[in-house]
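**Q** mmCIF, C-alpha atoms, file protein12.cif:
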data_structure
#
loop_
_atom_site.group_PDB
_atom_site.id
_atom_site.type_symbol
_atom_site.label_atom_id
_atom_site.label_comp_id
_atom_site.auth_asym_id
_atom_site.auth_seq_id
_atom_site.Cartn_x
_atom_site.Cartn_y
_atom_site.Cartn_z
ATOM 1 C CA MET A 1 0.078 -24.501 -9.875
ATOM 2 C CA GLN A 2 -1.143 -25.310 -6.356
ATOM 3 C CA PRO A 3 0.958 -28.531 -6.066
ATOM 4 C CA ASP A 4 4.025 -26.526 -7.131
ATOM 5 C CA ILE A 5 3.354 -23.972 -4.396
ATOM 6 C CA GLN A 6 2.889 -26.670 -1.772
ATOM 7 C CA ALA A 7 6.065 -28.438 -2.878
ATOM 8 C CA LYS A 8 7.956 -25.192 -2.651
ATOM 9 C CA GLN A 9 6.569 -24.584 0.839
ATOM 10 C CA ARG A 10 7.635 -28.053 1.970
ATOM 11 C CA THR A 11 11.130 -27.527 0.552
ATOM 12 C CA THR A 12 11.422 -24.186 2.319
ATOM 13 C CA LEU A 13 10.202 -25.676 5.582
ATOM 14 C CA GLU A 14 12.759 -28.472 5.395
ATOM 15 C CA LYS A 15 15.511 -25.867 5.264
ATOM 16 C CA ASN A 16 14.481 -24.548 8.676
ATOM 17 C CA LYS A 17 14.637 -26.264 12.017
ATOM 18 C CA GLY A 18 11.115 -26.879 13.238
ATOM 19 C CA TRP A 19 11.556 -25.174 16.589
ATOM 20 C CA GLN A 20 13.015 -22.080 14.937
ATOM 21 C CA VAL A 21 9.970 -21.693 12.709
ATOM 22 C CA TRP A 22 7.545 -21.863 15.623
ATOM 23 C CA TRP A 23 9.711 -19.679 17.829
ATOM 24 C CA GLN A 24 9.885 -17.011 15.136
ATOM 25 C CA LEU A 25 6.141 -17.290 14.612
ATOM 26 C CA MET A 26 5.658 -16.094 18.201
ATOM 27 C CA ARG A 27 7.815 -13.023 17.359
ATOM 28 C CA PRO A 28 9.926 -13.288 20.519
ATOM 29 C CA HIS A 29 11.210 -9.697 20.376
ATOM 30 C CA THR A 30 7.648 -8.486 21.041
ATOM 31 C CA LEU A 31 7.120 -10.761 24.063
ATOM 32 C CA THR A 32 9.079 -8.354 26.251
ATOM 33 C CA ALA A 33 5.956 -6.198 25.987
ATOM 34 C CA SER A 34 4.271 -8.920 28.071
ATOM 35 C CA PHE A 35 6.633 -9.964 30.824
ATOM 36 C CA VAL A 36 8.173 -6.556 31.540
ATOM 37 C CA PRO A 37 4.813 -4.974 32.600
ATOM 38 C CA VAL A 38 3.848 -8.038 34.684
ATOM 39 C CA THR A 39 7.191 -7.937 36.478
ATOM 40 C CA LEU A 40 7.002 -4.197 37.115
ATOM 41 C CA GLY A 41 3.416 -4.339 38.389
ATOM 42 C CA THR A 42 4.295 -7.190 40.747
ATOM 43 C CA VAL A 43 7.389 -5.409 42.070
ATOM 44 C CA LEU A 44 5.295 -2.307 42.767
ATOM 45 C CA ALA A 45 2.803 -4.483 44.652
ATOM 46 C CA PHE A 46 5.599 -5.986 46.726
ATOM 47 C CA GLU A 47 6.547 -2.472 47.840
ATOM 48 C CA VAL A 48 3.072 -2.113 49.391
ATOM 49 C CA PHE A 49 2.557 -5.527 51.009
ATOM 50 C CA ASN A 50 6.087 -6.965 51.232
ATOM 51 C CA ARG A 51 4.764 -10.219 49.802
ATOM 52 C CA VAL A 52 3.853 -11.688 46.437
ATOM 53 C CA HIS A 53 1.344 -14.379 45.530
ATOM 54 C CA ILE A 54 3.616 -16.484 43.306
ATOM 55 C CA GLY A 55 0.711 -18.391 41.747
ATOM 56 C CA LEU A 56 -1.005 -15.183 40.616
ATOM 57 C CA PHE A 57 2.269 -13.769 39.344
ATOM 58 C CA LEU A 58 3.036 -16.848 37.224
ATOM 59 C CA ALA A 59 -0.549 -17.115 35.946
ATOM 60 C CA MET A 60 -0.541 -13.446 34.926
ATOM 61 C CA LEU A 61 2.890 -13.768 33.320
ATOM 62 C CA ILE A 62 2.026 -16.840 31.261
ATOM 63 C CA ALA A 63 -1.417 -15.526 30.269
ATOM 64 C CA SER A 64 0.056 -12.206 29.097
ATOM 65 C CA ILE A 65 2.737 -13.925 27.031
ATOM 66 C CA LEU A 66 0.180 -16.272 25.473
ATOM 67 C CA ILE A 67 -2.159 -13.403 24.557
ATOM 68 C CA GLN A 68 0.740 -11.493 23.005
ATOM 69 C CA ALA A 69 1.856 -14.580 21.069
ATOM 70 C CA ALA A 70 -1.728 -15.190 19.913
ATOM 71 C CA THR A 71 -1.984 -11.575 18.782
ATOM 72 C CA ASN A 72 1.196 -12.045 16.754
ATOM 73 C CA MET A 73 -0.303 -15.155 15.164
ATOM 74 C CA PHE A 74 -3.524 -13.340 14.310
ATOM 75 C CA ASN A 75 -1.296 -10.727 12.704
ATOM 76 C CA GLU A 76 0.536 -13.439 10.757
ATOM 77 C CA TYR A 77 -2.737 -14.994 9.589
ATOM 78 C CA TYR A 78 -4.477 -11.807 8.496
ATOM 79 C CA ASP A 79 -1.384 -10.265 6.898
ATOM 80 C CA TYR A 80 -1.248 -13.376 4.714
ATOM 81 C CA LYS A 81 -4.977 -13.221 3.952
ATOM 82 C CA ARG A 82 -4.686 -9.574 2.924
ATOM 83 C CA GLY A 83 -1.603 -10.218 0.798
ATOM 84 C CA LEU A 84 0.706 -8.093 2.954
ATOM 85 C CA ASP A 85 3.317 -10.854 3.373
ATOM 86 C CA ASN A 86 5.384 -12.386 0.601
ATOM 87 C CA GLU A 87 8.634 -14.330 0.356
ATOM 88 C CA GLU A 88 10.594 -11.082 0.155
ATOM 89 C CA SER A 89 9.067 -9.686 3.353
ATOM 90 C CA VAL A 90 11.701 -8.574 5.834
ATOM 91 C CA GLY A 91 11.502 -9.568 9.454
ATOM 92 C CA ILE A 92 10.227 -12.593 11.328
ATOM 93 C CA GLY A 93 6.731 -12.402 9.907
ATOM 94 C CA GLY A 94 5.770 -14.304 6.782
ATOM 95 C CA THR A 95 5.930 -17.790 8.299
ATOM 96 C CA ILE A 96 3.110 -18.893 6.011
ATOM 97 C CA VAL A 97 4.682 -17.758 2.747
ATOM 98 C CA ARG A 98 8.311 -18.537 3.604
ATOM 99 C CA ASP A 99 8.176 -21.564 5.876
ATOM 100 C CA GLY A 100 5.141 -23.389 4.518
ATOM 101 C CA VAL A 101 3.075 -23.367 7.721
ATOM 102 C CA HIS A 102 -0.614 -23.738 6.855
ATOM 103 C CA PRO A 103 -2.741 -20.675 7.761
ATOM 104 C CA LYS A 104 -5.322 -22.808 9.602
ATOM 105 C CA VAL A 105 -2.589 -24.276 11.805
ATOM 106 C CA ILE A 106 -1.547 -20.784 12.857
ATOM 107 C CA MET A 107 -5.130 -19.746 13.601
ATOM 108 C CA ARG A 108 -5.775 -22.906 15.622
ATOM 109 C CA LEU A 109 -2.582 -22.391 17.606
ATOM 110 C CA ALA A 110 -3.581 -18.790 18.322
ATOM 111 C CA LEU A 111 -6.993 -19.928 19.554
ATOM 112 C CA LEU A 112 -5.343 -22.614 21.691
ATOM 113 C CA PHE A 113 -3.179 -19.950 23.333
ATOM 114 C CA ILE A 114 -6.254 -17.825 23.939
ATOM 115 C CA GLY A 115 -8.029 -20.825 25.485
ATOM 116 C CA ILE A 116 -5.153 -21.490 27.877
ATOM 117 C CA SER A 117 -4.989 -17.805 28.822
ATOM 118 C CA ILE A 118 -8.732 -17.882 29.607
ATOM 119 C CA LEU A 119 -8.221 -20.823 31.972
ATOM 120 C CA LEU A 120 -5.390 -18.940 33.662
ATOM 121 C CA GLY A 121 -7.668 -15.895 33.805
ATOM 122 C CA ILE A 122 -10.299 -17.896 35.665
ATOM 123 C CA TYR A 123 -7.671 -18.896 38.217
ATOM 124 C CA ILE A 124 -6.679 -15.248 38.594
ATOM 125 C CA CYS A 125 -10.303 -14.156 39.040
ATOM 126 C CA VAL A 126 -11.013 -16.840 41.655
ATOM 127 C CA ASN A 127 -8.055 -15.609 43.677
ATOM 128 C CA SER A 128 -8.594 -11.872 43.171
ATOM 129 C CA SER A 129 -11.671 -10.305 41.544
ATOM 130 C CA TRP A 130 -14.077 -11.243 38.752
ATOM 131 C CA TRP A 131 -13.763 -7.705 37.398
ATOM 132 C CA ILE A 132 -10.484 -8.952 35.938
ATOM 133 C CA ALA A 133 -12.549 -11.182 33.637
ATOM 134 C CA LEU A 134 -14.111 -8.152 31.956
ATOM 135 C CA VAL A 135 -10.734 -6.514 31.441
ATOM 136 C CA GLY A 136 -9.315 -9.789 30.150
ATOM 137 C CA VAL A 137 -12.103 -10.255 27.609
ATOM 138 C CA ILE A 138 -11.612 -6.709 26.317
ATOM 139 C CA SER A 139 -7.852 -7.289 26.054
ATOM 140 C CA ILE A 140 -8.323 -10.508 24.067
ATOM 141 C CA LEU A 141 -10.846 -8.780 21.781
ATOM 142 C CA VAL A 142 -8.453 -5.913 21.126
ATOM 143 C CA GLY A 143 -5.680 -8.430 20.442
ATOM 144 C CA TYR A 144 -7.834 -10.032 17.752
ATOM 145 C CA LEU A 145 -9.108 -6.760 16.291
ATOM 146 C CA TYR A 146 -5.560 -5.445 16.090
ATOM 147 C CA THR A 147 -5.219 -7.227 12.744
ATOM 148 C CA GLY A 148 -8.596 -8.972 12.388
ATOM 149 C CA GLY A 149 -12.026 -7.577 11.625
ATOM 150 C CA PRO A 150 -13.168 -5.196 8.874
ATOM 151 C CA LEU A 151 -10.946 -2.321 10.037
ATOM 152 C CA PRO A 152 -7.768 -3.625 11.717
ATOM 153 C CA ILE A 153 -6.377 -1.353 14.413
ATOM 154 C CA SER A 154 -2.893 -1.973 13.009
ATOM 155 C CA SER A 155 -3.913 -0.225 9.775
ATOM 156 C CA THR A 156 -4.921 2.970 11.593
ATOM 157 C CA PRO A 157 -2.975 5.698 13.436
ATOM 158 C CA LEU A 158 -4.204 4.142 16.713
ATOM 159 C CA GLY A 159 -1.909 1.113 16.556
ATOM 160 C CA GLU A 160 0.806 2.571 18.766
ATOM 161 C CA ILE A 161 -1.662 3.958 21.315
ATOM 162 C CA MET A 162 -3.681 0.753 21.617
ATOM 163 C CA SER A 163 -0.650 -1.516 21.897
ATOM 164 C CA GLY A 164 0.851 0.774 24.532
ATOM 165 C CA LEU A 165 -2.344 1.008 26.570
ATOM 166 C CA PHE A 166 -3.272 -2.668 26.537
ATOM 167 C CA MET A 167 0.232 -4.110 26.808
ATOM 168 C CA GLY A 168 1.529 -1.393 29.107
ATOM 169 C CA ILE A 169 -0.581 0.320 31.733
ATOM 170 C CA ASN A 170 -3.313 -2.321 31.443
ATOM 171 C CA ILE A 171 -1.024 -5.250 32.309
ATOM 172 C CA ILE A 172 0.918 -3.314 34.939
ATOM 173 C CA LEU A 173 -2.223 -2.283 36.806
ATOM 174 C CA ILE A 174 -3.823 -5.729 36.574
ATOM 175 C CA SER A 175 -0.612 -7.286 37.908
ATOM 176 C CA TYR A 176 -0.628 -4.730 40.704
ATOM 177 C CA PHE A 177 -4.334 -5.120 41.484
ATOM 178 C CA ILE A 178 -4.389 -8.921 41.743
ATOM 179 C CA GLN A 179 -1.643 -8.688 44.358
ATOM 180 C CA THR A 180 -2.998 -5.732 46.360
ATOM 181 C CA GLY A 181 -6.721 -5.497 45.627
ATOM 182 C CA THR A 182 -6.400 -1.801 44.814
ATOM 183 C CA ILE A 183 -4.932 0.722 42.350
ATOM 184 C CA THR A 184 -2.803 3.661 43.478
ATOM 185 C CA THR A 185 -1.794 6.902 41.810
ATOM 186 C CA THR A 186 1.858 5.900 42.113
ATOM 187 C CA ALA A 187 1.239 2.647 40.237
ATOM 188 C CA ILE A 188 -0.470 4.576 37.435
ATOM 189 C CA LEU A 189 2.293 7.177 37.188
ATOM 190 C CA VAL A 190 5.087 4.592 37.185
ATOM 191 C CA SER A 191 3.362 2.671 34.382
ATOM 192 C CA ILE A 192 3.323 5.637 31.973
ATOM 193 C CA PRO A 193 6.897 5.438 30.578
ATOM 194 C CA THR A 194 6.698 1.666 30.032
ATOM 195 C CA THR A 195 3.396 2.216 28.219
ATOM 196 C CA ILE A 196 5.089 4.769 25.973
ATOM 197 C CA LEU A 197 8.013 2.473 25.192
ATOM 198 C CA ILE A 198 5.746 -0.438 24.275
ATOM 199 C CA GLY A 199 3.999 1.863 21.823
ATOM 200 C CA VAL A 200 7.423 2.757 20.422
ATOM 201 C CA ILE A 201 8.065 -0.923 19.613
ATOM 202 C CA ASN A 202 5.000 -0.806 17.395
ATOM 203 C CA LEU A 203 6.080 2.531 15.947
ATOM 204 C CA SER A 204 9.475 1.103 14.961
ATOM 205 C CA ASN A 205 7.748 -1.702 13.083
ATOM 206 C CA ASN A 206 5.592 0.796 11.213
ATOM 207 C CA ILE A 207 8.578 2.989 10.368
ATOM 208 C CA ARG A 208 10.282 -0.021 8.813
ATOM 209 C CA ASP A 209 7.177 -0.961 6.820
ATOM 210 C CA VAL A 210 6.102 2.555 5.808
ATOM 211 C CA LYS A 211 6.787 2.023 2.097
ATOM 212 C CA GLY A 212 4.822 -1.216 1.875
ATOM 213 C CA ASP A 213 2.031 0.135 4.073
ATOM 214 C CA LYS A 214 1.551 3.049 1.693
ATOM 215 C CA GLU A 215 1.201 0.662 -1.224
ATOM 216 C CA PHE A 216 -1.479 -1.356 0.582
ATOM 217 C CA GLY A 217 -3.394 1.733 1.700
ATOM 218 C CA ARG A 218 -2.706 1.352 5.407
ATOM 219 C CA LYS A 219 -2.984 4.559 7.444
ATOM 220 C CA THR A 220 -0.362 3.998 10.117
ATOM 221 C CA LEU A 221 1.201 6.893 11.999
ATOM 222 C CA PRO A 222 4.393 6.964 9.874
ATOM 223 C CA VAL A 223 2.294 6.858 6.697
ATOM 224 C CA LEU A 224 0.173 9.837 7.782
ATOM 225 C CA LEU A 225 2.919 11.935 9.364
ATOM 226 C CA GLY A 226 5.844 10.861 7.238
ATOM 227 C CA ARG A 227 8.857 8.757 8.131
ATOM 228 C CA ASP A 228 10.981 11.663 9.417
ATOM 229 C CA ASN A 229 8.231 12.947 11.716
ATOM 230 C CA ALA A 230 7.599 9.435 12.989
ATOM 231 C CA LEU A 231 11.280 9.153 13.831
ATOM 232 C CA LYS A 232 11.074 12.451 15.727
ATOM 233 C CA ILE A 233 8.126 11.044 17.693
ATOM 234 C CA MET A 234 10.216 7.990 18.536
ATOM 235 C CA ALA A 235 13.094 10.135 19.812
ATOM 236 C CA ALA A 236 10.680 12.334 21.782
ATOM 237 C CA SER A 237 9.035 9.244 23.305
ATOM 238 C CA PHE A 238 12.375 7.979 24.583
ATOM 239 C CA PHE A 239 13.188 11.427 25.983
ATOM 240 C CA ILE A 240 9.827 11.766 27.739
ATOM 241 C CA SER A 241 10.139 8.303 29.286
ATOM 242 C CA TYR A 242 13.452 9.147 30.968
ATOM 243 C CA ILE A 243 12.373 12.639 32.006
ATOM 244 C CA TRP A 244 9.174 11.151 33.457
ATOM 245 C CA ILE A 245 11.164 8.954 35.840
ATOM 246 C CA ILE A 246 13.320 11.872 36.909
ATOM 247 C CA GLY A 247 10.148 13.883 37.523
ATOM 248 C CA LEU A 248 8.669 11.104 39.692
ATOM 249 C CA ILE A 249 11.822 11.082 41.801
ATOM 250 C CA ILE A 250 11.748 14.850 42.261
ATOM 251 C CA PHE A 251 8.031 15.523 42.652
ATOM 252 C CA ASN A 252 6.646 12.224 43.952
ATOM 253 C CA HIS A 253 9.607 11.453 46.184
ATOM 254 C CA LEU A 254 10.248 8.029 44.677
ATOM 255 C CA THR A 255 13.565 6.336 45.342
ATOM 256 C CA PRO A 256 16.596 7.828 43.544
ATOM 257 C CA TRP A 257 17.568 4.236 42.740
ATOM 258 C CA LEU A 258 15.159 4.521 39.804
ATOM 259 C CA LEU A 259 17.833 6.558 38.048
ATOM 260 C CA ILE A 260 19.360 3.198 37.191
ATOM 261 C CA VAL A 261 17.048 3.248 34.142
ATOM 262 C CA LEU A 262 19.421 5.796 32.612
ATOM 263 C CA LEU A 263 21.743 2.875 31.875
ATOM 264 C CA SER A 264 19.400 1.952 29.035
ATOM 265 C CA ILE A 265 19.888 5.280 27.229
ATOM 266 C CA PRO A 266 22.623 3.896 24.899
ATOM 267 C CA LYS A 267 20.114 1.370 23.569
ATOM 268 C CA ALA A 268 17.558 4.116 22.946
ATOM 269 C CA TYR A 269 20.203 6.171 21.128
ATOM 270 C CA LYS A 270 21.170 3.141 19.047
ATOM 271 C CA ALA A 271 17.522 2.602 18.116
ATOM 272 C CA VAL A 272 16.996 6.150 16.835
ATOM 273 C CA LYS A 273 20.400 6.315 15.174
ATOM 274 C CA GLY A 274 19.770 2.985 13.488
ATOM 275 C CA PHE A 275 16.792 4.349 11.568
ATOM 276 C CA MET A 276 18.506 7.514 10.355
ATOM 277 C CA GLY A 277 19.452 7.467 6.704
ATOM 278 C CA LYS A 278 18.104 3.952 6.206
ATOM 279 C CA THR A 279 15.629 3.297 3.423
ATOM 280 C CA GLU A 280 15.574 -0.490 3.066
ATOM 281 C CA PRO A 281 13.675 -2.584 5.641
ATOM 282 C CA ILE A 282 16.576 -5.029 6.090
ATOM 283 C CA GLU A 283 18.831 -2.123 7.098
ATOM 284 C CA MET A 284 16.453 -1.154 9.894
ATOM 285 C CA MET A 285 16.278 -4.555 11.586
ATOM 286 C CA PRO A 286 19.109 -3.761 14.087
ATOM 287 C CA ALA A 287 17.288 -0.548 15.039
ATOM 288 C CA MET A 288 14.070 -2.465 15.659
ATOM 289 C CA LYS A 289 15.949 -4.916 17.852
ATOM 290 C CA ALA A 290 17.480 -2.044 19.813
ATOM 291 C CA THR A 291 14.003 -0.532 20.280
ATOM 292 C CA ALA A 292 12.682 -3.736 21.847
ATOM 293 C CA GLN A 293 15.817 -4.040 23.975
ATOM 294 C CA THR A 294 15.337 -0.492 25.249
ATOM 295 C CA ASN A 295 11.870 -1.401 26.506
ATOM 296 C CA THR A 296 13.206 -4.575 28.139
ATOM 297 C CA PHE A 297 16.166 -2.900 29.827
ATOM 298 C CA PHE A 298 14.132 0.105 30.918
ATOM 299 C CA GLY A 299 11.417 -2.026 32.517
ATOM 300 C CA PHE A 300 13.770 -4.405 34.264
ATOM 301 C CA LEU A 301 16.085 -1.629 35.460
ATOM 302 C CA LEU A 302 13.040 0.196 36.823
ATOM 303 C CA SER A 303 12.033 -2.967 38.694
ATOM 304 C CA ILE A 304 15.591 -3.433 39.957
ATOM 305 C CA GLY A 305 15.598 0.161 41.195
ATOM 306 C CA PHE A 306 12.547 -0.550 43.346
ATOM 307 C CA ILE A 307 14.009 -3.847 44.588
ATOM 308 C CA ILE A 308 17.268 -2.130 45.618
ATOM 309 C CA SER A 309 15.248 0.489 47.517
ATOM 310 C CA PHE A 310 13.500 -2.330 49.426
ATOM 311 C CA ILE A 311 16.844 -3.807 50.459
ATOM 312 C CA PHE A 312 18.420 -0.539 51.494
#
I need this file expressed as structure tokens, please.

**A**
Amino acid sequence: MQPDIQAKQRTTLEKNKGWQVWWQLMRPHTLTASFVPVTLGTVLAFEVFNRVHIGLFLAMLIASILIQAATNMFNEYYDYKRGLDNEESVGIGGTIVRDGVHPKVIMRLALLFIGISILLGIYICVNSSWWIALVGVISILVGYLYTGGPLPISSTPLGEIMSGLFMGINIILISYFIQTGTITTTAILVSIPTTILIGVINLSNNIRDVKGDKEFGRKTLPVLLGRDNALKIMAASFFISYIWIIGLIIFNHLTPWLLIVLLSIPKAYKAVKGFMGKTEPIEMMPAMKATAQTNTFFGFLLSIGFIISFIF
């Protein structure tokens, strides 16, 4: 039986271009949750000092992307080990069962990414503060425990919160701190909506997988609250994110140029609309893509709003 499985895996792998398999393994749509916060935090720092340490920016950007990619690979590895992925799984997960990539290869690649991110972290610490090392270690640990360990975070109602906190406000404030040496109230407040939207990316994934998660006994937010309530939370999260920016402009006297984020509303609407009335995972893939795009557009438009205010 085992030789038949391996032969089938090799045949499947031959049908795919090598680079596509590895690119999909990194789950590129989730990587926006890495570079958007780094960019925003750096832009906020530029507003304070009118300069940016390019080396620190690039090191932080690459390290964040590598940690996110490694987290995705841990997810791939442990979903396979727990039997959550099969050849009928929808989405870009399931590289092991569909594309014939050996589980140990994925784990080793994840650890390699973590190793490189640690080296980049040392560079960041040398040029900023060694307190960053503590935060970095905690972030890497959370990335592993998200799907690894005896009680994976991804199988609890805390998945959205933890992904939002560690890939949102955490990265934004680190990116800001390594450039300025301090943390401000404004930086914290500006990071809130991006943190929410990163959590929504995770929520969209759990909404899609709610049926399968129930079968495997996972206690994600959509499983506990129900699919319809989870969708209401998604819509409310989008609404709060936009209202938050408007509130910062009115009450914290931030530049009105930040209203440019409203241009991303059609993507948010498409994301929510795309989940309505859909029951099959494959039908929800466009909605998931729109959710990730909303986070990307929102974060970059927010950064552009600050940049325009610098110029004018």

**Q** Between A:Pro286, A:Pro150, A:Gly121, A:Gly299, which has the minimum distance to Gly136 in chain A (counting all atoms listed in the file)?

**A**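 Counting all atoms listed in the file, the residue closest to Gly136 in chain A is A:Gly121.
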
**Q** Give me, please, the distance in Å between CA of Phe57 in chain A and CA of Phe310 in chain A, quoted to one decimal.

**A** 18.9 Å

**Q** Using all atoms listed in the file, can you tell me which of A:Leu119, A:Val190, A:Leu254, A:Ile138 comes closest to Gly168 in chain A?

**A** A:Val190

**Q** For CA of Val135 in chain A and CA of Gln68 in chain A, determine how far apart the two atoms are, in Å to one decimal place.

**A**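 Between CA of Val135 in chain A and CA of Gln68 in chain A the gap works out to 15.1 Å.
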
**Q** On this structure, which residues satisfy the PyMOL selection byres ((chain A and resi 117) around 8), written as a list in words?

**A** Ile62, Ala63, Ser64, Leu66, Ile67, Phe113, Ile114, Gly115, Ile116, Ile118, Leu119, Leu120 and Gly121 of chain A

**Q** Mind listing as an MDAnalysis selection string all residues within 6 Å of (-6.1, -11.7, 11.9), counting only C-alpha atoms?

**A** chainID A and resid 74:75 77:78 147:148

**Q** Select, from A:Leu158, A:Leu145, A:Met73, A:Val261, the residue with the minimum atom-to-atom distance to Ser303 in chain A, counting only C-alpha atoms.

**A**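 With only C-alpha atoms as the atom set, the closest residue is A:Val261.
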
**Q** May I ask which of the residues A:Glu280, A:Ser264, A:Ser241, A:Ile171 is the closest one to Lys211 in chain A, counting all atoms listed in the file?

**A**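 Result for the nearest residue to Lys211 in chain A: A:Glu280.
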
**Q** Let me make sure I understand: among A:Val105, A:Leu31, A:Ile265, A:Leu173, which one has the smallest atom-to-atom distance to Leu44 in chain A if we use all atoms listed in the file?

**A** A:Leu173

**Q** Using only C-alpha atoms, which of A:Gly305, A:Gly247, A:Pro152, A:Gly41 sits nearest Ile183 in chain A?

**A** A:Gly41
